file final_25.csv (CSV, C-alpha atoms)
chain,number,residue,atom,x,y,z
A,1303,MET,CA,25.7,-11.7,-12.3
A,1304,ARG,CA,26.9,-9.9,-9.1
A,1305,ASP,CA,26.0,-11.2,-5.7
A,1306,PRO,CA,22.8,-9.3,-4.8
A,1307,ARG,CA,23.9,-9.0,-1.2
A,1308,GLU,CA,26.5,-6.5,-2.3
A,1309,LEU,CA,23.6,-4.1,-2.9
A,1310,TYR,CA,22.7,-3.5,0.7
A,1311,GLN,CA,24.3,-2.9,4.1
A,1312,LEU,CA,22.9,-4.3,7.3
A,1313,GLU,CA,22.9,-2.1,10.5
A,1314,ASP,CA,25.3,-2.9,13.3
A,1315,HIS,CA,25.4,-6.3,15.0
A,1316,GLU,CA,23.4,-5.2,18.0
A,1317,VAL,CA,20.5,-4.1,15.9
A,1318,ILE,CA,20.4,-7.2,13.7
A,1319,ALA,CA,20.7,-9.5,16.7
A,1320,ALA,CA,17.5,-7.9,18.1
A,1321,VAL,CA,15.5,-8.9,15.1
A,1322,PRO,CA,13.1,-11.7,16.0
A,1323,SER,CA,13.5,-15.0,14.2
A,1324,GLY,CA,11.0,-15.7,11.4
A,1325,PRO,CA,8.6,-16.4,10.0
A,1326,LEU,CA,8.0,-12.7,9.3
A,1327,PRO,CA,5.7,-10.9,6.8
A,1328,LEU,CA,7.2,-8.2,4.6
A,1329,VAL,CA,5.2,-5.2,3.4
A,1330,VAL,CA,6.6,-3.5,0.3
A,1331,CYS,CA,5.8,0.2,-0.3
A,1332,ILE,CA,7.7,0.9,-3.6
A,1333,PRO,CA,5.4,2.7,-6.1
A,1334,GLY,CA,5.6,2.4,-9.8
A,1335,MET,CA,5.7,5.2,-12.4
A,1336,ILE,CA,3.2,7.2,-10.4
A,1337,ASP,CA,2.1,7.0,-6.8
A,1338,ALA,CA,-1.5,8.2,-7.2
A,1339,GLY,CA,-2.7,10.3,-4.3
A,1340,GLN,CA,0.8,9.8,-2.7
A,1341,THR,CA,-0.8,6.7,-1.3
A,1342,CYS,CA,2.2,4.4,-0.9
A,1343,ARG,CA,4.5,7.1,0.4
A,1344,THR,CA,1.9,8.0,3.0
A,1345,ALA,CA,1.5,4.4,4.0
A,1346,ALA,CA,5.2,4.0,4.5
A,1347,THR,CA,5.3,7.1,6.6
A,1348,TYR,CA,2.3,6.1,8.6
A,1349,PHE,CA,3.9,2.8,9.6
A,1350,GLN,CA,7.0,4.5,10.8
A,1351,GLU,CA,5.3,7.4,12.7
A,1352,ASN,CA,2.5,5.3,14.4
A,1353,LEU,CA,4.3,2.1,15.2
A,1354,ARG,CA,7.7,1.2,16.8
A,1355,SER,CA,10.2,0.8,14.0
A,1356,ILE,CA,13.9,0.7,13.4
A,1357,ARG,CA,15.9,0.6,10.2
A,1358,ILE,CA,17.8,-2.7,9.8
A,1359,ALA,CA,19.2,-2.4,6.3
A,1360,ARG,CA,19.8,0.3,3.6
A,1361,PHE,CA,20.4,-0.1,-0.1
A,1362,ASP,CA,23.1,1.6,-2.1
A,1363,SER,CA,21.2,4.5,-3.7
A,1364,ASP,CA,24.0,5.4,-6.0
A,1365,GLU,CA,23.6,1.9,-7.6
A,1366,LEU,CA,19.8,2.0,-7.9
A,1367,LEU,CA,18.6,5.6,-8.3
A,1368,ASP,CA,18.9,8.3,-11.0
A,1369,TYR,CA,18.8,11.4,-8.8
A,1370,ARG,CA,17.2,13.4,-11.7
A,1371,SER,CA,14.0,11.4,-11.2
A,1372,SER,CA,14.3,10.9,-7.5
A,1373,ARG,CA,15.8,14.2,-6.5
A,1374,PRO,CA,17.3,14.8,-3.0
A,1375,ARG,CA,15.4,17.0,-0.6
A,1376,VAL,CA,17.5,20.2,-0.1
A,1377,VAL,CA,17.0,23.0,2.4
A,1378,TYR,CA,18.4,26.4,1.5
A,1379,ASP,CA,18.6,29.0,4.3
A,1380,GLY,CA,19.5,32.0,2.2
A,1381,ARG,CA,23.3,31.5,2.3
A,1382,ARG,CA,24.0,27.8,2.2
A,1383,TYR,CA,22.5,24.3,2.1
A,1384,PRO,CA,22.4,23.1,5.7
A,1385,THR,CA,20.5,19.9,4.8
A,1386,VAL,CA,20.7,17.5,1.8
A,1387,GLU,CA,18.5,14.4,2.3
A,1388,MET,CA,19.4,11.7,-0.3
A,1389,PRO,CA,16.5,9.4,-1.3
A,1390,GLU,CA,16.8,6.0,0.2
A,1391,ILE,CA,15.5,2.5,-0.2
A,1392,ALA,CA,15.5,0.9,3.2
A,1393,LEU,CA,14.3,-2.1,5.2
A,1394,HIS,CA,12.7,-1.5,8.6
A,1395,LEU,CA,11.7,-3.8,11.5
A,1396,VAL,CA,8.2,-2.7,12.7
A,1397,TYR,CA,6.0,-3.9,15.5
A,1398,ASP,CA,2.2,-3.7,15.3
A,1399,ASP,CA,-0.2,-2.8,18.1
A,1400,ALA,CA,-0.1,-6.4,19.4
A,1401,SER,CA,3.8,-6.3,19.4
A,1402,ARG,CA,3.9,-8.7,16.4
A,1403,PRO,CA,7.0,-8.0,14.3
A,1404,PHE,CA,7.0,-7.5,10.5
A,1405,LEU,CA,9.4,-5.9,8.0
A,1406,LEU,CA,8.8,-2.9,5.8
A,1407,LEU,CA,10.7,-2.2,2.5
A,1408,GLU,CA,10.1,1.4,1.4
A,1409,GLY,CA,11.5,4.0,-0.9
A,1410,PRO,CA,11.3,5.3,-4.5
A,1411,GLU,CA,11.1,2.8,-7.3
A,1412,PRO,CA,14.7,2.0,-8.5
A,1413,ASP,CA,15.7,3.3,-11.9
A,1414,LEU,CA,18.4,0.7,-12.3
A,1415,ARG,CA,19.3,-3.0,-11.5
A,1416,TRP,CA,15.7,-4.3,-10.9
A,1417,ASN,CA,16.8,-7.9,-11.2
A,1418,LEU,CA,19.7,-7.4,-8.7
A,1419,LEU,CA,17.4,-5.6,-6.2
A,1420,ALA,CA,14.8,-8.4,-6.5
A,1421,GLY,CA,17.5,-10.9,-5.8
A,1422,ALA,CA,18.7,-8.8,-2.8
A,1423,VAL,CA,15.1,-8.9,-1.3
A,1424,VAL,CA,15.1,-12.7,-1.7
A,1425,ALA,CA,18.5,-12.8,0.1
A,1426,LEU,CA,17.1,-10.7,2.9
A,1427,ALA,CA,14.1,-13.0,3.1
A,1428,ASP,CA,16.5,-15.9,3.7
A,1429,THR,CA,18.4,-13.9,6.3
A,1430,PHE,CA,15.3,-12.8,8.3
A,1431,GLY,CA,12.9,-15.7,7.7
A,1432,ILE,CA,10.4,-13.8,5.5
A,1433,ASP,CA,7.6,-16.2,4.5
A,1434,GLN,CA,5.0,-13.8,3.1
A,1435,VAL,CA,5.2,-10.5,1.0
A,1436,VAL,CA,2.5,-8.0,0.6
A,1437,THR,CA,3.0,-5.2,-2.0
A,1438,LEU,CA,1.1,-1.9,-2.2
A,1439,ARG,CA,0.6,0.4,-5.1
A,1440,ALA,CA,-1.9,3.1,-6.3
A,1441,ILE,CA,-2.9,4.1,-9.8
A,1442,PRO,CA,-5.2,6.8,-11.2
A,1443,SER,CA,-8.7,5.6,-12.2
A,1444,GLU,CA,-12.0,7.0,-13.5
A,1445,THR,CA,-13.7,6.5,-10.2
A,1446,PRO,CA,-15.3,9.2,-8.0
A,1447,HIS,CA,-14.3,10.0,-4.5
A,1448,THR,CA,-17.9,9.5,-3.4
A,1449,ARG,CA,-17.7,5.7,-4.0
A,1450,THR,CA,-15.8,2.8,-2.5
A,1451,ILE,CA,-12.2,2.5,-3.5
A,1452,THR,CA,-11.8,-0.6,-5.6
A,1453,MET,CA,-8.7,-2.8,-5.6
A,1454,LEU,CA,-6.8,-4.6,-8.3
A,1455,THR,CA,-5.1,-7.7,-6.9
A,1456,HIS,CA,-2.4,-10.0,-8.1
A,1457,ALA,CA,-0.3,-12.8,-6.7
A,1458,ASN,CA,2.3,-15.4,-7.5
A,1459,GLN,CA,1.3,-19.0,-7.8
A,1460,LEU,CA,2.5,-19.8,-4.3
A,1461,ALA,CA,0.1,-17.2,-2.8
A,1462,LEU,CA,-2.7,-18.7,-5.0
A,1463,GLY,CA,-2.1,-22.1,-3.6
A,1464,GLU,CA,-0.9,-23.5,-7.0
A,1465,GLU,CA,2.2,-25.6,-7.7
A,1466,PRO,CA,4.8,-23.6,-9.7
A,1467,PRO,CA,6.2,-25.2,-12.8
A,1468,ALA,CA,8.9,-27.8,-12.1
A,1469,ASP,CA,11.5,-25.8,-14.1
A,1470,GLY,CA,10.8,-22.6,-12.1
A,1471,SER,CA,9.5,-20.8,-15.2
A,1472,ALA,CA,6.8,-18.2,-15.1
A,1473,ASP,CA,3.2,-19.4,-14.7
A,1474,THR,CA,0.4,-18.7,-17.2
A,1475,THR,CA,-2.5,-18.1,-15.0
A,1476,GLY,CA,-2.5,-14.4,-15.5
A,1477,ALA,CA,-1.9,-13.9,-11.8
A,1478,ASP,CA,1.5,-12.2,-12.0
A,1479,THR,CA,1.9,-10.6,-15.4
A,1480,ASP,CA,3.6,-7.3,-15.8
A,1481,GLY,CA,0.8,-5.0,-14.8
A,1482,PRO,CA,-1.8,-4.2,-12.1
A,1483,GLY,CA,-4.8,-5.9,-13.8
A,1484,GLU,CA,-3.4,-9.5,-13.6
A,1485,GLN,CA,-5.8,-11.3,-11.4
A,1486,CYS,CA,-9.1,-9.5,-11.9
A,1487,ASP,CA,-10.3,-6.3,-13.6
A,1488,THR,CA,-11.9,-4.3,-10.9
A,1489,SER,CA,-12.0,-6.9,-8.1
A,1490,GLU,CA,-11.7,-6.2,-4.4
A,1491,HIS,CA,-11.3,-10.0,-3.9
A,1492,PRO,CA,-7.8,-10.6,-2.7
A,1493,ALA,CA,-5.8,-13.7,-3.8
A,1494,SER,CA,-6.1,-16.3,-1.1
A,1495,GLY,CA,-4.3,-19.4,-0.2
A,1496,ASP,CA,-7.3,-21.4,-1.5
A,1497,SER,CA,-6.9,-21.5,-5.3
A,1498,ALA,CA,-10.6,-22.5,-5.8
A,1499,ASP,CA,-11.7,-19.3,-4.0
A,1500,ALA,CA,-9.2,-17.2,-6.0
A,1501,GLN,CA,-10.4,-18.7,-9.3
A,1502,GLU,CA,-14.0,-18.0,-8.3
A,1503,GLY,CA,-13.1,-14.4,-7.8
A,1504,ILE,CA,-11.6,-14.3,-11.3
A,1505,ALA,CA,-14.6,-15.9,-12.9
A,1506,ALA,CA,-17.1,-13.6,-11.1
A,1507,THR,CA,-15.6,-10.5,-12.8
A,1508,GLY,CA,-15.2,-12.1,-16.2
A,1509,ALA,CA,-11.4,-11.9,-16.0
A,1510,GLY,CA,-9.1,-14.8,-16.4
A,1511,PRO,CA,-6.2,-16.4,-18.2
A,1512,GLU,CA,-7.7,-15.7,-21.6
A,1513,GLN,CA,-7.6,-11.9,-20.9
A,1514,VAL,CA,-4.1,-10.6,-21.2
A,1515,PHE,CA,-3.1,-7.0,-20.6
A,1516,GLU,CA,0.2,-5.6,-22.0
A,1517,MET,CA,1.5,-2.4,-20.5
A,1518,PRO,CA,4.7,-0.8,-19.3
A,1519,GLY,CA,6.1,-2.8,-16.4
A,1520,SER,CA,7.3,-1.8,-12.9
A,1521,PHE,CA,9.6,-3.2,-10.3
A,1522,ILE,CA,6.8,-5.1,-8.4
A,1523,PRO,CA,6.2,-7.8,-11.1
A,1524,VAL,CA,9.9,-8.4,-11.3
A,1525,LEU,CA,10.1,-8.8,-7.5
A,1526,GLU,CA,7.0,-11.0,-7.5
A,1527,LYS,CA,8.5,-13.5,-10.0
A,1528,GLU,CA,11.8,-13.5,-8.2
A,1529,LEU,CA,10.0,-14.3,-4.9
A,1530,GLN,CA,8.3,-17.2,-6.6
A,1531,ARG,CA,11.6,-18.6,-7.7
A,1532,GLY,CA,12.7,-18.2,-4.1
A,1533,GLY,CA,9.7,-20.1,-2.8
A,1534,ILE,CA,8.0,-17.1,-1.1
A,1535,ARG,CA,4.4,-16.2,-1.3
A,1536,CYS,CA,3.6,-12.7,-2.7
A,1537,GLN,CA,0.3,-10.9,-2.9
A,1538,GLY,CA,-0.3,-7.4,-4.2
A,1539,PHE,CA,-2.9,-4.7,-3.9
A,1540,VAL,CA,-3.3,-1.7,-6.2
A,1541,ALA,CA,-5.7,1.0,-5.0
A,1542,GLN,CA,-7.7,2.8,-7.8
A,1543,ILE,CA,-7.5,6.5,-6.9
A,1544,PRO,CA,-9.8,9.2,-8.5
A,1545,HIS,CA,-7.8,10.5,-11.4
A,1546,TYR,CA,-8.5,14.2,-10.5
A,1547,LEU,CA,-6.9,13.6,-7.1
A,1548,THR,CA,-3.7,11.9,-8.4
A,1549,ARG,CA,-1.3,14.7,-7.5
A,1550,SER,CA,-2.8,15.5,-4.1
A,1551,PRO,CA,-2.6,13.4,-0.9
A,1552,TYR,CA,-5.6,11.1,-0.8
A,1553,PRO,CA,-5.7,9.4,2.7
A,1554,ALA,CA,-8.7,7.3,1.8
A,1555,GLY,CA,-6.5,5.3,-0.6
A,1556,THR,CA,-3.9,4.8,2.2
A,1557,LEU,CA,-6.6,3.6,4.6
A,1558,ALA,CA,-7.9,1.1,2.1
A,1559,LEU,CA,-4.4,-0.3,1.5
A,1560,LEU,CA,-3.5,-0.5,5.2
A,1561,ARG,CA,-6.8,-2.4,5.8
A,1562,ARG,CA,-5.7,-5.0,3.2
A,1563,VAL,CA,-2.3,-5.3,4.9
A,1564,SER,CA,-4.0,-5.8,8.3
A,1565,GLU,CA,-6.3,-8.6,6.9
A,1566,THR,CA,-3.7,-10.3,4.7
A,1567,ALA,CA,-0.8,-10.4,7.1
A,1568,ALA,CA,-2.8,-10.7,10.3
A,1569,LEU,CA,-1.4,-7.5,11.7
A,1570,GLU,CA,-3.1,-5.0,14.1
A,1571,ILE,CA,-2.4,-1.6,12.6
A,1572,PRO,CA,-3.9,1.5,14.4
A,1573,LEU,CA,-6.2,3.1,11.8
A,1574,MET,CA,-8.6,5.3,13.9
A,1575,GLU,CA,-6.4,8.4,13.5
A,1576,LEU,CA,-6.1,7.8,9.8
A,1577,GLY,CA,-9.9,7.3,9.6
A,1578,ASP,CA,-10.4,10.8,11.2
A,1579,ILE,CA,-8.1,12.3,8.6
A,1580,VAL,CA,-10.1,10.6,5.8
A,1581,GLU,CA,-13.4,11.9,7.1
A,1582,ALA,CA,-11.9,15.5,7.3
A,1583,SER,CA,-10.5,15.1,3.8
A,1584,GLN,CA,-13.8,13.9,2.4
A,1585,ARG,CA,-15.7,16.9,3.9
A,1586,MET,CA,-13.2,19.3,2.3
A,1587,LEU,CA,-13.7,17.6,-1.0
A,1588,GLU,CA,-17.5,17.8,-0.7
A,1589,ASP,CA,-17.2,21.5,0.0
A,1590,GLU,CA,-15.0,22.0,-3.1
A,1591,VAL,CA,-17.4,20.1,-5.3
A,1592,GLU,CA,-20.4,22.0,-3.9
A,1593,ASP,CA,-18.8,25.3,-4.9
A,1594,SER,CA,-18.1,24.2,-8.5
A,1595,PRO,CA,-20.8,23.2,-11.0
A,1596,GLU,CA,-18.1,21.8,-13.3
A,1597,LEU,CA,-16.8,19.5,-10.6
A,1598,GLN,CA,-20.4,18.4,-9.7
A,1599,ALA,CA,-21.0,17.4,-13.4
A,1600,MET,CA,-17.7,15.5,-13.6
A,1601,VAL,CA,-18.3,13.6,-10.3
A,1602,LYS,CA,-21.9,12.8,-11.4
A,1603,THR,CA,-20.6,11.3,-14.7
A,1604,LEU,CA,-18.1,9.2,-12.8
A,1605,GLU,CA,-20.7,8.0,-10.3
A,1606,ASP,CA,-23.0,6.9,-13.1
A,1607,GLY,CA,-20.2,4.9,-14.8
A,1608,TYR,CA,-19.1,3.4,-11.5
A,1609,ASP,CA,-22.7,2.4,-10.5
A,1610,GLN,CA,-23.4,0.9,-14.0
A,1611,MET,CA,-20.2,-1.2,-13.7
A,1612,ALA,CA,-21.3,-2.4,-10.3
A,1613,ARG,CA,-24.7,-3.4,-11.7
A,1614,ASP,CA,-23.1,-5.2,-14.6
A,1615,ASN,CA,-21.0,-7.2,-12.2
A,1616,ASP,CA,-23.9,-7.8,-9.8
A,1617,GLY,CA,-22.0,-6.0,-7.1
A,1618,THR,CA,-18.9,-8.3,-7.3
A,1619,GLY,CA,-15.8,-6.3,-6.8
A,1620,TYR,CA,-17.6,-3.4,-5.1
A,1621,VAL,CA,-17.5,-4.6,-1.5
A,1622,PRO,CA,-17.6,-1.5,0.7
A,1623,ASP,CA,-14.3,-0.6,2.3
A,1624,MET,CA,-15.6,-1.3,5.8
A,1625,PRO,CA,-13.8,-0.4,9.0
A,1626,THR,CA,-12.1,-3.3,10.9
A,1627,ALA,CA,-13.5,-4.6,14.2
A,1628,ASP,CA,-10.7,-2.8,16.0
A,1629,GLU,CA,-11.5,0.5,14.3
A,1630,LEU,CA,-15.2,0.1,15.3
A,1631,GLY,CA,-14.3,-0.7,18.8
A,1632,ASP,CA,-12.0,2.3,19.1
A,1633,ARG,CA,-14.6,4.6,17.7
A,1634,PHE,CA,-17.2,3.3,20.1
A,1635,GLU,CA,-14.9,3.7,23.1
A,1636,ARG,CA,-14.2,7.3,22.0
A,1637,PHE,CA,-18.0,8.0,21.6
A,1638,LEU,CA,-18.6,6.7,25.1
A,1639,ALA,CA,-15.8,8.8,26.5
A,1640,GLU,CA,-17.1,12.0,24.7
A,1641,ASN,CA,-20.7,11.4,25.9
A,1642,THR,CA,-20.1,10.3,29.5
A,1643,ASP,CA,-21.0,12.7,32.4
A,1644,ASP,CA,-18.5,13.6,35.1
A,1645,ASP,CA,-20.3,11.1,37.5
A,1646,GLY,CA,-19.5,8.2,35.1
A,1647,THR,CA,-23.0,7.9,33.7
A,1648,SER,CA,-23.7,8.3,30.0
A,1649,GLY,CA,-26.4,10.2,28.4
A,1650,PRO,CA,-27.2,13.3,26.3
A,1651,PRO,CA,-25.5,16.5,27.1
A,1652,SER,CA,-27.3,18.6,29.7
A,1653,GLY,CA,-28.5,22.1,29.0
A,1654,PRO,CA,-31.1,23.7,26.7
A,1655,ILE,CA,-31.9,22.0,23.4
A,1656,SER,CA,-32.4,24.4,20.5
A,1657,SER,CA,-35.1,23.5,18.1
call {"tool": "encode", "arguments": {"input": "final_25.csv", "output": "structure tokens"}}
result
Amino acid sequence: MRDPRELYQLEDHEVIAAVPSGPLPLVVCIPGMIDAGQTCRTAATYFQENLRSIRIARFDSDELLDYRSSRPRVVYDGRRYPTVEMPEIALHLVYDDASRPFLLLEGPEPDLRWNLLAGAVVALADTFGIDQVVTLRAIPSETPHTRTITMLTHANQLALGEEPPADGSADTTGADTDGPGEQCDTSEHPASGDSADAQEGIAATGAGPEQVFEMPGSFIPVLEKELQRGGIRCQGFVAQIPHYLTRSPYPAGTLALLRRVSETAALEIPLMELGDIVEASQRMLEDEVEDSPELQAMVKTLEDGYDQMARDNDGTGYVPDMPTADELGDRFERFLAENTDDDGTSGPPSGPISS
């Protein structure tokens, strides 16, 4: 097998020398066959546009991608093609709001050389001191936009606090099989470092090692197993996006995933702006549903199914996607700023009150 390090190229020495020494968390935004609601792509873009970031490594796209499935973005001005942007898988150094560094691996799912790419990520983990990996994905689901986004979670044995087999073979806990439903069926309970807590989350939803799901695989399970062999913890979150919104941007899914990143990797990610976008998006969806009896009937059917499943599970797995403490604080500060008089005192706006 080729040396996986041949698959990527680091940036110049000055850039690499500025990367803080580990341990560093790594967030992976590489969707599978479908990125429901463009959730992962939006998350990767949000990191780079709202936080300080710099690319520190790029992978050889010609080795990994079939450009017929990951087509370049081309601009045509009527006479020529002034811009041709080739798709790219890249590693970035990012700083959160508290100036804590982490790494971001983002790009389209590779068409080729999955094992080699997974080995390259482990090599980069050794180079930069990566000790924790969080993967993000999104899939279509028969859930309504009027209810909490549920998460499927998965993890390798190291993230579950379990000892891997001595021979390095794959585990049989069901926590990192080749699909998104490994650890629990519709659970919002993330895999934790406490294996007892993780197993309790499995039992509460009726899922467990005896329930095996076979489905087409993706790059993430391959990466997860390779990370385990390299001694690196890996946890994954898969947002369930309303199936009728799969092809449209769905910022609520991105917000839910970024909250999991913030909690799992102990990062401070600014989410207030994204929360505003989610609220505006939800209002637009409600207006569309209100104007369509067909949509109203479909959403009502999905709501009934969702609520019945929640009752069947005694609410387990349906923990509301609550704002973080930082989000609540930001919103409260903005509320005060918007409702403070010029003299610095707060109170209701002056002027006549219409009844």
call {"tool": "closest_residue", "arguments": {"input": "final_25.csv", "among": "A:Ala1582, A:Ile1332, A:Ala1338, A:Leu1569", "to": "Pro1442 (chain A)", "atoms": "only C-alpha atoms"}}
result
A:Ala1338
call {"tool": "closest_residue", "arguments": {"input": "final_25.csv", "among": "A:Leu1405, A:Ile1336, A:Val1321, A:Leu1326", "to": "Asp1433 (chain A)", "atoms": "all atoms listed in the file"}}
result
A:Leu1326
call {"tool": "residues_around", "arguments": {"input": "final_25.csv", "residues": "Val1601 (chain A)", "least_positions_apart": "2", "cutoff": "10 Å", "atoms": "only C-alpha atoms", "output": "mmCIF file with C-alpha atoms, in the frame of the given file"}}
result
data_model
loop_
_atom_site.group_PDB
_atom_site.id
_atom_site.type_symbol
_atom_site.label_atom_id
_atom_site.label_comp_id
_atom_site.auth_asym_id
_atom_site.auth_seq_id
_atom_site.Cartn_x
_atom_site.Cartn_y
_atom_site.Cartn_z
ATOM 1 C CA GLU A 1444 -12.000 7.000 -13.500
ATOM 2 C CA THR A 1445 -13.700 6.500 -10.200
ATOM 3 C CA PRO A 1446 -15.300 9.200 -8.000
ATOM 4 C CA HIS A 1447 -14.300 10.000 -4.500
ATOM 5 C CA THR A 1448 -17.900 9.500 -3.400
ATOM 6 C CA PRO A 1544 -9.800 9.200 -8.500
ATOM 7 C CA TYR A 1546 -8.500 14.200 -10.500
ATOM 8 C CA VAL A 1591 -17.400 20.100 -5.300
ATOM 9 C CA PRO A 1595 -20.800 23.200 -11.000
ATOM 10 C CA GLU A 1596 -18.100 21.800 -13.300
ATOM 11 C CA LEU A 1597 -16.800 19.500 -10.600
ATOM 12 C CA GLN A 1598 -20.400 18.400 -9.700
ATOM 13 C CA ALA A 1599 -21.000 17.400 -13.400
ATOM 14 C CA THR A 1603 -20.600 11.300 -14.700
ATOM 15 C CA LEU A 1604 -18.100 9.200 -12.800
ATOM 16 C CA GLU A 1605 -20.700 8.000 -10.300
ATOM 17 C CA ASP A 1606 -23.000 6.900 -13.100
ATOM 18 C CA GLY A 1607 -20.200 4.900 -14.800
#
call {"tool": "atom_distance", "arguments": {"input": "final_25.csv", "atom1": "CA of Arg1304 (chain A)", "atom2": "CA of Tyr1369 (chain A)"}}
result
22.8 Å
call {"tool": "atom_distance", "arguments": {"input": "final_25.csv", "atom1": "CA of Ala1320 (chain A)", "atom2": "CA of Val1563 (chain A)"}}
result
23.9 Å
call {"tool": "closest_residue", "arguments": {"input": "final_25.csv", "among": "A:Val1514, A:Leu1353, A:Leu1573, A:Leu1367", "to": "Glu1411 (chain A)", "atoms": "all atoms listed in the file"}}
result
A:Leu1367
call {"tool": "residues_around", "arguments": {"input": "final_25.csv", "residues": "Ser1355 (chain A)", "least_positions_apart": "6", "cutoff": "12 Å", "atoms": "all atoms listed in the file", "output": "JSON, numbers by chain"}}
result
{"A": [1317, 1321, 1346, 1347, 1348, 1349, 1393, 1394, 1395, 1396, 1397, 1398, 1399, 1401, 1402, 1403, 1404, 1405, 1406, 1407]}
call {"tool": "residues_around", "arguments": {"input": "final_25.csv", "residues": "region 1414-1431 of chain A", "least_positions_apart": "5", "cutoff": "10 Å", "atoms": "all atoms listed in the file", "output": "PDB file with C-alpha atoms, in the frame of the given file"}}
result
ATOM      1  CA  MET A1303      25.700 -11.700 -12.300  1.00  0.00           C
ATOM      2  CA  ARG A1304      26.900  -9.900  -9.100  1.00  0.00           C
ATOM      3  CA  ASP A1305      26.000 -11.200  -5.700  1.00  0.00           C
ATOM      4  CA  PRO A1306      22.800  -9.300  -4.800  1.00  0.00           C
ATOM      5  CA  ARG A1307      23.900  -9.000  -1.200  1.00  0.00           C
ATOM      6  CA  GLU A1308      26.500  -6.500  -2.300  1.00  0.00           C
ATOM      7  CA  LEU A1309      23.600  -4.100  -2.900  1.00  0.00           C
ATOM      8  CA  TYR A1310      22.700  -3.500   0.700  1.00  0.00           C
ATOM      9  CA  LEU A1312      22.900  -4.300   7.300  1.00  0.00           C
ATOM     10  CA  ILE A1318      20.400  -7.200  13.700  1.00  0.00           C
ATOM     11  CA  VAL A1321      15.500  -8.900  15.100  1.00  0.00           C
ATOM     12  CA  PRO A1322      13.100 -11.700  16.000  1.00  0.00           C
ATOM     13  CA  SER A1323      13.500 -15.000  14.200  1.00  0.00           C
ATOM     14  CA  GLY A1324      11.000 -15.700  11.400  1.00  0.00           C
ATOM     15  CA  PRO A1325       8.600 -16.400  10.000  1.00  0.00           C
ATOM     16  CA  LEU A1326       8.000 -12.700   9.300  1.00  0.00           C
ATOM     17  CA  PRO A1327       5.700 -10.900   6.800  1.00  0.00           C
ATOM     18  CA  LEU A1328       7.200  -8.200   4.600  1.00  0.00           C
ATOM     19  CA  ALA A1359      19.200  -2.400   6.300  1.00  0.00           C
ATOM     20  CA  PHE A1361      20.400  -0.100  -0.100  1.00  0.00           C
ATOM     21  CA  SER A1363      21.200   4.500  -3.700  1.00  0.00           C
ATOM     22  CA  ASP A1364      24.000   5.400  -6.000  1.00  0.00           C
ATOM     23  CA  GLU A1365      23.600   1.900  -7.600  1.00  0.00           C
ATOM     24  CA  LEU A1366      19.800   2.000  -7.900  1.00  0.00           C
ATOM     25  CA  LEU A1367      18.600   5.600  -8.300  1.00  0.00           C
ATOM     26  CA  ASP A1368      18.900   8.300 -11.000  1.00  0.00           C
ATOM     27  CA  LEU A1393      14.300  -2.100   5.200  1.00  0.00           C
ATOM     28  CA  LEU A1405       9.400  -5.900   8.000  1.00  0.00           C
ATOM     29  CA  LEU A1407      10.700  -2.200   2.500  1.00  0.00           C
ATOM     30  CA  SER A1520       7.300  -1.800 -12.900  1.00  0.00           C
ATOM     31  CA  PHE A1521       9.600  -3.200 -10.300  1.00  0.00           C
ATOM     32  CA  ILE A1522       6.800  -5.100  -8.400  1.00  0.00           C
ATOM     33  CA  PRO A1523       6.200  -7.800 -11.100  1.00  0.00           C
ATOM     34  CA  VAL A1524       9.900  -8.400 -11.300  1.00  0.00           C
ATOM     35  CA  LEU A1525      10.100  -8.800  -7.500  1.00  0.00           C
ATOM     36  CA  GLU A1526       7.000 -11.000  -7.500  1.00  0.00           C
ATOM     37  CA  LYS A1527       8.500 -13.500 -10.000  1.00  0.00           C
ATOM     38  CA  GLU A1528      11.800 -13.500  -8.200  1.00  0.00           C
ATOM     39  CA  LEU A1529      10.000 -14.300  -4.900  1.00  0.00           C
ATOM     40  CA  GLN A1530       8.300 -17.200  -6.600  1.00  0.00           C
ATOM     41  CA  ARG A1531      11.600 -18.600  -7.700  1.00  0.00           C
ATOM     42  CA  GLY A1532      12.700 -18.200  -4.100  1.00  0.00           C
ATOM     43  CA  GLY A1533       9.700 -20.100  -2.800  1.00  0.00           C
ATOM     44  CA  ILE A1534       8.000 -17.100  -1.100  1.00  0.00           C
TER      45      ILE A1534
END
call {"tool": "atom_distance", "arguments": {"input": "final_25.csv", "atom1": "CA of His1545 (chain A)", "atom2": "CA of Leu1576 (chain A)"}}
result
21.4 Å
call {"tool": "closest_residue", "arguments": {"input": "final_25.csv", "among": "A:Glu1516, A:Glu1408, A:Asp1614, A:Glu1592", "to": "Thr1437 (chain A)", "atoms": "all atoms listed in the file"}}
result
A:Glu1408
call {"tool": "closest_residue", "arguments": {"input": "final_25.csv", "among": "A:Gln1610, A:Gln1434, A:Asn1458, A:Thr1450", "to": "Ala1568 (chain A)", "atoms": "only C-alpha atoms"}}
result
A:Gln1434
call {"tool": "residues_around", "arguments": {"input": "final_25.csv", "residues": "Glu1313 (chain A)", "least_positions_apart": "5", "cutoff": "10 Å", "atoms": "only C-alpha atoms", "output": "list in words"}}
result
Ile1318, Ala1319, Ile1356, Arg1357, Ile1358, Ala1359 and Arg1360 of chain A
call {"tool": "residues_near_point", "arguments": {"input": "final_25.csv", "point": "(3.0, 4.9, 5.0)", "cutoff": "10 Å", "atoms": "all atoms listed in the file", "output": "list of chain:residue names"}}
result
A:Cys1331, A:Gln1340, A:Thr1341, A:Cys1342, A:Arg1343, A:Thr1344, A:Ala1345, A:Ala1346, A:Thr1347, A:Tyr1348, A:Phe1349, A:Gln1350, A:Glu1351, A:Asn1352, A:Leu1406, A:Glu1408, A:Thr1556, A:Leu1557, A:Leu1559, A:Leu1560
